[in-house]
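S.K.: Structure in structure tokens, see below.
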Amino acid sequence: LIHGDLYEGAYERASERFKDAWPALKGSMLLRVQVVRAEAHQLRAMTALACVQEGHIRGSSRARTLAMVAGEIKEMQAEDEPWIHALATLLQASLDGLRGDAAGLRRQVEAAAKRFDDCAMALHAAVARRQLGILDGGSAGGEAVARADAFMTGQRIRNPQRVAACLAPALVKA
């Protein structure tokens, strides 16, 4: 349901769903399973980043939320799996962007695209390349977005922008 909320752009609802589920998840043994643990860290960070980007979290709460996201990214980077590191890199791009670090944002999106390629995560790589096109702007950027969208459409994705917003909610702006 959280991914569906992210797809729809219902970021506050996604965040509330995650917050409601988090205590039970933490109290269970499920976080001992690496894929569940990685997904939990990713969803916690994604929903928080999206809410910050949309202006739902401000002031000192914004600073605390971004610090929490940095901690989630660190947890993911501590895992011994390249695919988790790739996801963490894309989250770091969002974090850098929200902190106003345009160079870090670009560097992390480029690194994420390469890491996703290395892990054969083609959809995620397309989302990262789509974001690079948005960052580039102009005709070259538009072509990069079109290539990424064409890849996603070829995978029977009807709305590439919404899928990109689901996988990288604090990045996608077009």
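FYI, nothing fancy with the structure tokens labels: chains A, B, ... in order, residues from 1 per chain, ligands from 1 as they appear.
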Taking the DSSP secondary structure from the backbone, can you list the residues of region 41-146 of chain A that are alpha helix (DSSP H), as a PyMOL selection string?
M.R.: chain A and resi 41-53+59-77+82-98+102-118+122-136+138-146
S.K.: Write out, as a tab-separated table, each residue of region 65-107 of chain A that has an atom at most 12 Å from region 28-40 of chain A, together with the closest pair of atoms and their distance in Å to one decimal, counting only C-alpha atoms, rows going by chain and rising number.
M.R.:
```
residue	atom	partner	partner_atom	distance
A:Val69	CA	A:Ala40	CA	11.9
A:Glu72	CA	A:Ala40	CA	9.1
A:Ile73	CA	A:Ala38	CA	9.7
A:Lys74	CA	A:Ala38	CA	11.1
A:Glu75	CA	A:Ala38	CA	8.3
A:Met76	CA	A:Ala38	CA	6.2
A:Gln77	CA	A:Ala38	CA	9.6
A:Ala78	CA	A:Ala38	CA	10.3
A:Glu79	CA	A:Gln34	CA	8.0
A:Asp80	CA	A:Gln34	CA	9.5
A:Glu81	CA	A:Gln34	CA	9.3
A:Pro82	CA	A:Ala38	CA	11.6
A:Trp83	CA	A:Ala38	CA	9.7
A:Ile84	CA	A:Ala38	CA	6.6
A:His85	CA	A:Ala38	CA	9.7
A:Ala86	CA	A:Ala38	CA	11.3
A:Leu87	CA	A:Ala38	CA	9.0
A:Ala88	CA	A:Ala38	CA	9.3
```
S.K.: Any idea what's packed within 6 Å of Thr89 (chain A), counting only C-alpha atoms, ignoring anything in its chain fewer than 3 positions away? Could you give it as a list in words?
M.R.: Ala86, Gln92, Gln108 and Ala112 of chain A
S.K.: CA of Glu143 (chain A) and CA of Arg129 (chain A) are how many Å apart?
M.R.: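 Going from CA of Glu143 (chain A) over to CA of Arg129 (chain A) covers 10.6 Å.
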S.K.: Under the rule of at most 9 Å, produce a per-residue listing of region 36-74 of chain A near region 16-25 of chain A: chain, number, name, the closest pair of atoms, and the distance in Å, as CSV, using only C-alpha atoms.
M.R.:
```
residue,atom,partner,partner_atom,distance
A:Ala40,CA,A:Trp22,CA,8.3
A:Leu43,CA,A:Phe18,CA,7.5
A:Arg44,CA,A:Phe18,CA,6.7
A:Thr47,CA,A:Phe18,CA,7.9
```
S.K.: Choose the residue, out of A:Pro169, A:Leu6, A:Met152, A:Ala140, that has the smallest atom-to-atom separation from Val52 (chain A); count only C-alpha atoms.
M.R.: A:Pro169
S.K.: For Leu98 (chain A), find every residue with an atom within 7 Å (counting only C-alpha atoms), except residues of its own chain fewer than 3 positions away, and show them as a PyMOL selection string.
M.R.: chain A and resi 53+94-95
S.K.: What would the file look like if the residues just selected were written as a PDB file, in the first residue's frame with C-alpha atoms?
M.R.:
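This went into out_4.pdb:
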```pdb
ATOM      1  CA  GLN A  53      10.015  17.975  -0.567  1.00  0.00           C
ATOM      2  CA  SER A  94      17.433  13.114  -2.813  1.00  0.00           C
ATOM      3  CA  LEU A  95      18.930  14.107   0.520  1.00  0.00           C
TER       4      LEU A  95
END
```
S.K.: Would you list the contacts of Asp149 (chain A) as a VMD selection string, taking every protein, DNA or RNA residue within 8 Å and counting only C-alpha atoms, but skipping same-chain residues closer than 2 positions in sequence?
M.R.: chain A and resid 126 130 145 to 147 151 to 153 160 to 161
S.K.: Can you pull out every residue within 9 Å of Gly141 (chain A), counting only C-alpha atoms, but drop anything in the same chain fewer than 5 positions away, and send it as a PyMOL selection string?
M.R.: chain A and resi 130-136+146
S.K.: Identify which of the residues A:Ala128, A:Met121, A:Glu12, A:Leu66 lies closest to Arg107 (chain A), counting only C-alpha atoms when measuring atom-to-atom distances.
M.R.: A:Ala128
S.K.: In Å to one decimal, how far is CA of Gly4 (chain A) from CA of Cys166 (chain A)?
M.R.: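 Atom-to-atom, CA of Cys166 (chain A) and CA of Gly4 (chain A) are spaced 7.9 Å apart.
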S.K.: If you measure from CA of Thr65 (chain A) to CA of Leu49 (chain A), what distance in Å do you get, rounded to one decimal?
M.R.: 8.0 Å
